[in-house]
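Undergrad: Quick one, protein10.txt (compact mmCIF, C-alpha atoms):
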# COMPACT_ATOMS: atom_id res chain seq x y z
CA MET T 179 -5.52 -21.14 -57.61
CA LYS T 180 -4.65 -23.96 -55.22
CA LEU T 181 -1.09 -22.69 -54.88
CA ARG T 182 -2.44 -19.23 -54.01
CA TYR T 183 -4.48 -20.68 -51.11
CA ILE T 184 -1.47 -22.62 -49.86
CA LYS T 185 0.64 -19.45 -49.84
CA ALA T 186 -2.10 -17.56 -48.01
CA TYR T 187 -2.34 -20.26 -45.35
CA VAL T 188 1.44 -20.33 -44.92
CA TRP T 189 1.55 -16.54 -44.63
CA LEU T 190 -1.25 -16.48 -42.03
CA SER T 191 0.45 -19.24 -40.04
CA CYS T 192 3.72 -17.34 -40.00
CA VAL T 193 1.97 -14.16 -38.85
CA PHE T 194 0.23 -16.08 -36.08
CA VAL T 195 3.44 -17.71 -34.85
CA ALA T 196 5.28 -14.38 -34.99
CA ASN T 197 2.56 -12.72 -32.91
CA VAL T 198 2.70 -15.51 -30.34
CA ILE T 199 6.47 -15.14 -30.03
CA VAL T 200 6.30 -11.35 -29.72
CA TYR T 201 3.50 -11.55 -27.15
CA THR T 202 5.41 -14.09 -25.06
CA VAL T 203 8.62 -12.06 -25.10
CA VAL T 204 6.75 -8.86 -24.17
CA MET T 205 4.85 -10.54 -21.34
CA LEU T 206 8.00 -12.05 -19.92
CA SER T 207 10.06 -8.89 -20.26
CA ARG T 208 7.66 -6.06 -19.47
CA ARG T 209 9.04 -5.72 -15.93
CA PRO T 210 12.69 -6.68 -16.47
CA LEU T 211 15.47 -6.64 -13.98
CA ASP T 212 17.17 -3.30 -14.48
CA LEU T 213 20.80 -3.60 -13.51
CA GLN T 214 21.69 -0.06 -12.66
CA ALA T 215 24.75 1.60 -14.09
CA SER T 216 25.93 2.31 -10.55
CA GLY T 217 26.48 -1.39 -10.00
CA ARG T 218 23.95 -1.62 -7.15
CA SER T 219 21.91 -4.79 -6.98
CA ALA T 220 18.62 -4.54 -8.81
CA PHE T 221 15.08 -4.83 -7.58
CA VAL T 222 14.35 -8.54 -7.90
CA GLY T 223 10.59 -8.42 -7.78
CA GLY T 224 9.89 -8.21 -11.50
CA HIS T 225 10.14 -10.53 -14.46
CA LEU T 226 13.18 -12.39 -15.50
CA ARG T 227 13.91 -11.90 -19.18
CA LEU T 228 13.13 -14.79 -21.48
CA TRP T 229 16.80 -15.61 -21.95
CA GLN T 230 17.73 -15.44 -18.23
CA HIS T 231 18.21 -18.64 -16.27
CA ARG T 232 15.54 -19.35 -13.68
CA ASP T 233 16.93 -21.03 -10.59
CA LEU T 234 13.51 -21.55 -9.03
CA GLN T 235 14.84 -23.66 -6.19
CA GLY T 236 17.22 -20.91 -5.11
CA LEU T 237 14.71 -18.06 -5.15
CA PRO T 238 13.39 -16.55 -1.91
CA LEU T 239 9.69 -17.14 -1.32
CA TRP T 240 8.37 -13.70 -2.34
CA ASN T 241 10.46 -13.60 -5.53
CA LEU T 242 9.26 -17.08 -6.41
CA LEU T 243 5.62 -16.14 -5.83
CA MET T 244 6.09 -13.06 -7.99
CA LEU T 245 7.22 -15.15 -10.95
CA TYR T 246 4.56 -17.77 -10.31
CA MET T 247 1.69 -15.27 -10.20
CA ASP T 248 3.04 -13.51 -13.25
CA GLN T 249 3.12 -16.72 -15.23
CA LEU T 250 -0.43 -17.49 -14.12
CA ASP T 251 -1.44 -14.14 -15.64
CA ASN T 252 0.12 -15.10 -18.96
CA PRO T 253 -2.50 -16.91 -21.11
CA ILE T 254 0.24 -18.73 -23.01
CA LEU T 255 2.40 -19.80 -20.08
CA ARG T 256 -0.18 -20.37 -17.35
CA ASN T 257 -0.35 -24.09 -18.19
CA ALA T 258 3.40 -24.44 -17.73
CA THR T 259 3.55 -23.57 -14.03
CA ALA T 260 4.32 -27.15 -12.97
CA GLN T 261 8.02 -26.21 -12.88
CA PHE T 262 7.30 -24.10 -9.78
CA ASN T 263 5.94 -27.09 -7.85
CA LEU T 264 3.73 -24.61 -6.03
CA THR T 265 0.00 -24.34 -5.40
CA LEU T 266 -1.75 -21.42 -3.71
CA PRO T 267 -4.52 -22.34 -1.25
CA GLY T 268 -7.98 -22.15 -2.79
CA THR T 269 -9.69 -20.44 0.14
CA CYS T 270 -8.89 -18.13 3.02
CA GLY T 271 -9.76 -20.94 5.40
CA GLU T 272 -6.65 -22.84 4.30
CA SER T 273 -3.24 -21.83 5.60
CA PHE T 274 -0.36 -21.47 3.18
CA HIS T 275 1.54 -24.36 4.77
CA GLU T 276 3.35 -25.11 1.51
CA ALA T 277 5.13 -21.75 1.80
CA ALA T 278 6.18 -22.49 5.36
CA GLN T 279 7.56 -25.86 4.28
CA ARG T 280 9.69 -24.17 1.63
CA LEU T 281 11.27 -21.89 4.24
CA THR T 282 13.88 -23.90 6.12
CA ASP T 283 14.19 -21.11 8.70
CA PHE T 284 10.44 -20.50 9.06
CA SER T 285 10.51 -21.41 12.77
CA SER T 286 12.92 -18.50 13.37
CA TYR T 287 10.52 -15.96 11.86
CA PRO T 288 8.76 -13.61 14.34
CA SER T 289 5.27 -14.88 15.15
CA HIS T 290 3.49 -12.06 13.29
CA LEU T 291 5.64 -12.68 10.20
CA GLN T 292 4.84 -16.39 10.40
CA ALA T 293 1.14 -15.51 10.54
CA PHE T 294 1.59 -13.22 7.53
CA VAL T 295 3.21 -15.97 5.43
CA LEU T 296 0.49 -18.48 6.30
CA SER T 297 -2.27 -16.10 5.21
CA MET T 298 -0.59 -13.97 2.52
CA HIS T 299 -2.65 -15.63 -0.23
CA CYS T 300 -5.92 -14.29 1.21
CA ARG T 301 -7.46 -10.87 0.54
CA ASP T 302 -11.13 -11.77 0.72
CA TYR T 303 -12.03 -10.37 4.13
CA PRO T 304 -15.56 -9.07 4.77
CA LEU T 305 -16.23 -5.55 6.00
CA LEU T 306 -17.73 -5.88 9.49
CA VAL T 307 -18.35 -2.20 10.21
CA GLY T 308 -18.80 0.56 7.67
CA PRO T 309 -20.78 3.81 7.40
CA ALA T 310 -23.50 4.37 4.85
CA ASP T 311 -22.32 6.01 1.62
CA ASP T 312 -23.80 9.39 2.56
CA GLU T 313 -21.90 9.23 5.87
CA ALA T 314 -18.60 7.93 4.46
CA CYS T 315 -18.34 10.74 1.89
CA PRO T 316 -21.14 13.28 2.35
CA ASN T 317 -21.80 16.45 0.37
CA GLY T 318 -19.59 15.72 -2.62
CA THR T 319 -16.39 14.99 -0.69
CA GLN T 320 -13.32 15.83 -2.79
CA LEU T 321 -10.47 14.90 -0.40
CA LEU T 322 -10.74 11.68 1.60
CA VAL T 323 -8.33 11.34 4.52
CA ALA T 324 -8.00 7.65 5.44
CA VAL T 325 -6.31 7.08 8.80
CA LYS T 326 -4.96 3.63 9.61
CA SER T 327 -5.68 2.96 13.26
CA GLN T 328 -6.14 0.04 15.66
CA LEU T 329 -9.12 -0.78 17.85
CA ALA T 330 -7.43 0.17 21.11
CA ASN T 331 -6.31 3.60 19.84
CA PHE T 332 -9.47 5.45 20.90
CA ASP T 333 -7.48 8.40 22.23
CA ARG T 334 -5.59 8.87 18.96
CA ARG T 335 -8.76 8.83 16.87
CA GLN T 336 -10.52 11.24 19.20
CA ALA T 337 -7.56 13.65 19.23
CA ILE T 338 -7.66 13.66 15.41
CA ARG T 339 -11.45 14.24 15.35
CA GLN T 340 -11.07 17.18 17.71
CA THR T 341 -8.28 18.82 15.72
CA TRP T 342 -7.09 18.47 12.14
CA GLY T 343 -9.43 15.56 11.30
CA ARG T 344 -12.59 17.63 11.45
CA SER T 345 -14.57 17.01 8.29
CA GLY T 346 -15.90 19.96 6.32
CA LEU T 347 -14.87 22.70 3.95
CA VAL T 348 -11.16 23.65 3.76
CA ARG T 349 -10.17 26.28 1.16
CA ASN T 350 -13.35 25.46 -0.80
CA VAL T 351 -12.49 21.74 -0.80
CA THR T 352 -14.81 19.32 1.02
CA VAL T 353 -12.73 17.05 3.26
CA GLN T 354 -13.83 13.85 5.02
CA THR T 355 -11.86 11.72 7.50
CA ILE T 356 -12.38 7.98 8.03
CA PHE T 357 -10.50 5.41 10.11
CA LEU T 358 -9.35 1.98 8.88
CA LEU T 359 -9.36 -0.92 11.34
CA GLY T 360 -8.91 -4.67 11.56
CA ARG T 361 -9.78 -7.15 14.29
CA GLN T 362 -7.92 -7.45 17.58
CA GLY T 363 -9.45 -10.39 19.41
CA SER T 364 -9.25 -10.99 23.14
CA GLY T 365 -7.72 -14.38 22.35
CA ASP T 366 -4.62 -12.55 21.10
CA GLY T 367 -4.04 -10.85 24.44
CA HIS T 368 -6.13 -7.76 23.70
CA PRO T 369 -8.95 -6.60 26.00
CA ASP T 370 -12.55 -6.90 24.83
CA LEU T 371 -13.41 -3.50 23.34
CA GLU T 372 -16.59 -4.40 21.46
CA ALA T 373 -18.86 -2.23 23.62
CA LEU T 374 -16.60 0.82 23.27
CA LEU T 375 -16.29 0.22 19.54
CA GLU T 376 -20.07 0.11 19.15
CA LEU T 377 -20.43 3.36 21.08
CA GLU T 378 -17.75 5.00 18.92
CA ARG T 379 -19.37 3.71 15.73
CA ARG T 380 -22.80 5.08 16.62
CA LYS T 381 -21.42 8.43 17.69
CA ASN T 382 -19.10 9.10 14.76
CA SER T 383 -19.98 6.93 11.71
CA ASP T 384 -16.42 7.15 10.40
CA LEU T 385 -15.06 3.62 10.95
CA LEU T 386 -14.22 0.89 8.43
CA LEU T 387 -13.50 -2.43 10.18
CA TRP T 388 -12.52 -5.59 8.27
CA ASP T 389 -12.43 -9.15 9.55
CA PHE T 390 -8.66 -9.69 9.50
CA GLN T 391 -6.05 -9.70 12.25
CA ASP T 392 -4.69 -6.16 12.63
CA THR T 393 -0.90 -6.42 12.95
CA PHE T 394 2.05 -4.44 11.64
CA TYR T 395 2.73 -7.02 8.94
CA ASN T 396 -0.90 -6.80 7.76
CA LEU T 397 -0.82 -3.07 7.00
CA SER T 398 -0.35 -3.90 3.30
CA LEU T 399 -3.56 -5.88 3.47
CA LYS T 400 -5.33 -2.96 5.13
CA ASP T 401 -4.18 -0.61 2.35
CA ILE T 402 -5.43 -2.96 -0.37
CA LEU T 403 -8.77 -3.60 1.33
CA PHE T 404 -9.30 0.15 1.58
CA LEU T 405 -8.37 0.73 -2.07
CA GLY T 406 -10.76 -2.04 -3.06
CA TRP T 407 -13.54 -0.49 -0.96
CA LEU T 408 -12.89 2.91 -2.53
CA ARG T 409 -13.63 1.59 -6.01
CA GLY T 410 -17.31 1.24 -5.16
CA HIS T 411 -17.70 4.23 -2.84
CA CYS T 412 -17.15 7.97 -2.70
CA PRO T 413 -17.45 8.72 -6.44
CA SER T 414 -16.85 12.45 -5.92
CA VAL T 415 -13.46 11.95 -4.24
CA GLU T 416 -10.59 13.24 -6.37
CA LEU T 417 -7.70 12.92 -3.89
CA ILE T 418 -6.88 10.41 -1.16
CA PHE T 419 -4.56 10.95 1.76
CA LEU T 420 -3.49 7.71 3.47
CA GLU T 421 -1.68 7.86 6.82
CA GLY T 422 -1.30 6.51 10.36
CA ASP T 423 -2.99 7.75 13.52
CA ASP T 424 0.19 9.23 15.04
CA VAL T 425 0.48 12.01 12.46
CA PHE T 426 -0.17 15.73 12.80
CA LEU T 427 -1.55 16.87 9.46
CA ARG T 428 -1.86 20.44 8.19
CA VAL T 429 -4.97 19.90 6.05
CA ASP T 430 -5.04 23.51 4.82
CA THR T 431 -1.43 23.23 3.61
CA LEU T 432 -2.19 19.90 1.98
CA VAL T 433 -5.20 21.35 0.16
CA ALA T 434 -3.16 24.37 -0.92
CA TYR T 435 -0.48 22.09 -2.36
CA ALA T 436 -3.05 19.99 -4.23
CA GLY T 437 -4.69 23.17 -5.52
CA SER T 438 -1.38 24.39 -6.93
CA LEU T 439 -1.17 21.38 -9.27
CA ASP T 440 -2.56 21.57 -12.76
CA ALA T 441 -4.92 18.94 -14.15
CA VAL T 442 -2.08 16.92 -15.69
CA ALA T 443 -0.06 16.84 -12.46
CA ARG T 444 -3.08 15.83 -10.39
CA ARG T 445 -3.58 12.76 -12.55
CA GLY T 446 -0.92 10.20 -11.77
CA LEU T 447 -0.22 11.88 -8.42
CA PHE T 448 1.53 9.86 -5.70
CA ALA T 449 3.46 12.15 -3.36
CA GLY T 450 5.13 12.12 0.03
CA HIS T 451 8.56 11.64 1.56
CA VAL T 452 10.30 9.48 -1.06
CA ILE T 453 12.90 6.95 0.08
CA GLN T 454 15.28 5.50 -2.51
CA ASP T 455 17.99 2.85 -2.67
CA ALA T 456 16.71 1.12 0.46
CA ALA T 457 17.47 -2.53 1.13
CA PRO T 458 15.88 -5.14 3.41
CA VAL T 459 16.87 -5.14 7.06
CA HIS T 460 18.19 -8.55 8.08
CA ASP T 461 18.42 -7.87 11.81
CA CYS T 462 15.69 -10.05 13.35
CA LYS T 463 15.27 -7.58 16.24
CA HIS T 464 14.44 -4.69 13.92
CA LYS T 465 10.85 -3.59 13.32
CA TYR T 466 11.34 -3.84 9.53
CA TYR T 467 13.08 -7.21 9.54
CA ILE T 468 12.78 -9.18 6.30
CA PRO T 469 14.57 -12.58 6.18
CA GLU T 470 16.77 -13.36 3.20
CA SER T 471 14.80 -16.55 2.65
CA PHE T 472 11.67 -14.44 2.10
CA TYR T 473 12.94 -11.64 -0.17
CA GLN T 474 16.19 -10.60 -1.84
CA GLY T 475 17.03 -7.48 -3.82
CA THR T 476 16.80 -3.77 -3.20
CA TYR T 477 13.49 -1.96 -2.77
CA PRO T 478 12.02 0.28 -5.46
CA PRO T 479 11.48 3.97 -4.57
CA TYR T 480 8.65 4.27 -2.07
CA VAL T 481 6.97 6.86 0.12
CA GLY T 482 7.65 6.76 3.86
CA GLY T 483 5.00 5.82 6.37
CA GLY T 484 3.99 9.29 7.52
CA GLY T 485 1.47 9.86 4.77
CA ILE T 486 0.74 9.51 1.06
CA LEU T 487 -1.26 11.83 -1.19
CA CYS T 488 -2.54 10.22 -4.38
CA SER T 489 -5.12 10.88 -7.06
CA ARG T 490 -8.13 8.64 -7.50
CA ASP T 491 -6.88 7.25 -10.80
CA VAL T 492 -3.63 6.11 -9.16
CA ALA T 493 -5.55 4.57 -6.25
CA ALA T 494 -7.62 2.53 -8.70
CA ARG T 495 -4.55 1.44 -10.65
CA LEU T 496 -2.69 0.49 -7.47
CA TYR T 497 -5.52 -1.83 -6.52
CA GLU T 498 -5.50 -3.46 -9.95
CA ALA T 499 -1.72 -3.91 -9.81
CA SER T 500 -1.91 -5.46 -6.34
CA CYS T 501 -4.17 -8.22 -7.69
CA HIS T 502 -1.19 -9.53 -9.69
CA LEU T 503 1.47 -9.15 -6.99
CA PRO T 504 2.02 -11.19 -3.82
CA LEU T 505 1.51 -9.18 -0.64
CA PHE T 506 4.63 -7.83 1.03
CA PRO T 507 4.78 -7.46 4.84
CA ILE T 508 5.85 -3.78 4.84
CA ASN T 509 3.04 -1.69 3.40
CA ASN T 510 4.98 1.36 2.17
CA ILE T 511 7.38 -0.84 0.25
CA TYR T 512 4.48 -2.87 -1.15
CA LEU T 513 2.87 0.27 -2.55
CA GLY T 514 6.26 1.14 -4.05
CA ILE T 515 6.33 -2.29 -5.70
CA CYS T 516 2.84 -1.67 -7.09
CA LEU T 517 3.97 1.73 -8.41
CA ARG T 518 6.90 0.10 -10.17
CA GLU T 519 4.48 -2.37 -11.72
CA LEU T 520 2.59 0.61 -13.14
CA ALA T 521 5.79 2.37 -14.29
CA LEU T 522 4.95 5.29 -11.97
CA VAL T 523 7.50 7.22 -9.90
CA PRO T 524 6.57 8.65 -6.47
CA GLN T 525 7.01 12.39 -6.12
CA ASN T 526 8.96 13.82 -3.20
CA HIS T 527 7.60 16.77 -1.21
CA PRO T 528 9.73 18.48 1.47
CA GLY T 529 6.65 19.20 3.58
CA PHE T 530 6.31 15.53 4.59
CA TRP T 531 8.36 14.99 7.75
CA THR T 532 8.27 11.21 8.13
CA PHE T 533 11.24 11.03 10.49
CA ASN T 534 10.09 13.69 12.95
CA MET T 535 11.78 17.02 13.72
CA LYS T 536 14.86 17.96 15.69
CA ALA T 537 14.13 18.27 19.38
CA GLU T 538 14.96 21.98 19.51
CA GLY T 539 12.34 22.80 16.85
CA ARG T 540 9.40 20.83 18.20
CA GLU T 541 8.15 23.59 20.49
CA ASP T 542 8.37 26.28 17.83
CA PHE T 543 4.87 26.46 16.34
CA CYS T 544 6.10 28.61 13.47
CA ALA T 545 8.29 25.71 12.34
CA TYR T 546 5.10 23.83 11.43
CA LYS T 547 3.56 26.56 9.32
CA GLU T 548 4.83 25.36 5.94
CA LEU T 549 4.80 21.63 6.67
CA ILE T 550 2.12 19.22 5.50
CA LEU T 551 2.65 16.59 8.16
CA VAL T 552 4.87 15.53 11.03
CA ASP T 553 4.99 11.89 12.08
CA HIS T 554 5.30 10.27 15.52
CA ARG T 555 2.99 12.51 17.57
CA THR T 556 1.03 11.50 20.66
CA PRO T 557 -2.63 12.52 21.11
CA GLN T 558 -1.45 15.16 23.58
CA ASP T 559 1.07 16.48 21.04
CA ILE T 560 -1.64 16.71 18.39
CA ILE T 561 -3.99 18.72 20.60
CA ARG T 562 -1.18 21.01 21.80
CA LEU T 563 0.02 21.68 18.26
CA TRP T 564 -3.50 22.35 17.03
CA ARG T 565 -4.16 24.89 19.77
CA GLY T 566 -0.78 26.56 19.34
CA LEU T 567 -1.13 26.92 15.58
CA HIS T 568 -4.64 28.35 15.95
CA ASP T 569 -3.70 30.78 18.69
CA PRO T 570 -4.60 34.33 17.47
CA ALA T 571 -1.54 35.61 19.30
CA LEU T 572 0.85 33.44 17.24
CA ALA T 573 3.08 35.67 15.12
CA CYS T 574 5.38 34.06 12.58
Could the structure of this file be written out as structure tokens, please?
TA:
Amino acid sequence: MKLRYIKAYVWLSCVFVANVIVYTVVMLSRRPLDLQASGRSAFVGGHLRLWQHRDLQGLPLWNLLMLYMDQLDNPILRNATAQFNLTLPGTCGESFHEAAQRLTDFSSYPSHLQAFVLSMHCRDYPLLVGPADDEACPNGTQLLVAVKSQLANFDRRQAIRQTWGRSGLVRNVTVQTIFLLGRQGSGDGHPDLEALLELERRKNSDLLLWDFQDTFYNLSLKDILFLGWLRGHCPSVELIFLEGDDVFLRVDTLVAYAGSLDAVARRGLFAGHVIQDAAPVHDCKHKYYIPESFYQGTYPPYVGGGGILCSRDVAARLYEASCHLPLFPINNIYLGICLRELALVPQNHPGFWTFNMKAEGREDFCAYKELILVDHRTPQDIIRLWRGLHDPALAC
């Protein structure tokens, strides 16, 4: 009898150890580096495999943070993070000076990228301005159009409200438009617009304003704050369209496209102008400059900045994925990184014109009939296009 108990204990111990080993290997390898058959360099954001050498000292900052945060998420390995010699600040009030000290060329970074690095650990920013729930998504809103704007862009927001951004019923789908904003303080060289903002807020009730500095490199933060807000608001919303305030959007065409999808296709939906095989730009004068000391590797497939259509389930999953990934200073690429984390592939749609149209076609209203959006439009362009496309005399 005693021997039987000993065998049972040994067997249970072996099963336990085997499960621990399997769990560790899976956790370390669930986002492996996929070296493509084409020989192109792989996306470096994910896990290293258990048997791969970790040269932590030689890793760029973002890649290092990715591995560090991933190990923190691992209940077995989280106590072995001393090898990283890295500690994230505990509060948003602390700057991430340790990251700056690791970057030998940090002083050469553009000022807004420096500010991003020093605050990239923080996502806990309060909402300063927001409509009531019945104003944010009234009457069972099904499609929520979220427009990323900046405080000073009153003319862009008003042009959108007067044209394609009108909330209401489109092809039997209830559509609502809201605008996403961050702070732009007068101490940063911006004029004081508080009085105008208050007037706009009272008149329109369609603004969400968070207490973070609104810069190009903080657009990823704006996306994540919005996705986090969405989790507790607008329960009737099925689809989300996320875009900038310089876009001309054909809402009826967008709704028609969404309506053509079956229930399976609508779940897991993340569509737009897909860009693949892109790599970081190392020219410091370029808008999308990313230093080699910050990130190395190619980018995963991502949707260009004109606009993104996604289902609510994907929006929720993107937010959850972002909680385990360090912020990246280019928002479209960051969402692509989050998609890769979820093993989702963005879907390309030819109706998304992220890189504008040829000059000779811009004045032809009929050229816009089948498009969903065109990027890089001024407020005057938006109003002119809206009037031209709604002209009863237009024959296409």
Undergrad: Work out how far CA of Leu403 in chain T is from CA of His451 in chain T, in Å to one decimal.
TA: 23.1 Å
Undergrad: Using all atoms listed in the file, find the one residue out of T:Leu572, T:Met247, T:Gly450, T:Leu306 that sits nearest to Ala499 in chain T.
TA: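 Comparing T:Leu572, T:Met247, T:Gly450, T:Leu306 against Ala499 in chain T, the winner is T:Met247.
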Undergrad: Could you work out how far CA of Pro413 in chain T lies from CA of Val442 in chain T, giving the answer in Å with one decimal?
TA: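 According to the coordinates, CA of Val442 in chain T and CA of Pro413 in chain T are separated by 19.7 Å.
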Undergrad: Using all atoms listed in the file for the distances, tell me which of T:Ala521, T:Glu276, T:Gln261, T:Leu397 is nearest to Leu245 in chain T.
TA: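 Between T:Ala521, T:Glu276, T:Gln261, T:Leu397, the residue approaching Leu245 in chain T most closely is T:Gln261.
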Undergrad: Using all atoms listed in the file, which of the listed residues (T:Asn396, T:Gln320, T:Gln235, T:Ser345) sits closest to His290 in chain T?
TA: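 With all atoms listed in the file as the atom set, the closest residue is T:Asn396.
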Undergrad: Give me the residues near Leu399 in chain T as a PyMOL selection string, where near means some atom within 8 Å (using all atoms listed in the file) and where sequence neighbours in that chain fewer than 5 positions away do not count.
TA: chain T and resi 301+505+509
Undergrad: Give me, please, the distance in Å between CA of Pro528 in chain T and CA of Thr431 in chain T, quoted to one decimal.
TA: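 Interatomic distance here is 12.3 Å.
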Undergrad: Write out as a PyMOL selection string which residues come within 12 Å of Gln525 in chain T when counting only C-alpha atoms, dropping same-chain ones fewer than 4 positions away.
TA: chain T and resi 443-444+446-454+479-482+486-488+514+517+529-530
Undergrad: With distances taken over all atoms listed in the file, which residue among T:Ser398, T:Ser414, T:Thr282, T:Ser383 lies nearest Asn510 in chain T?
TA: T:Ser398
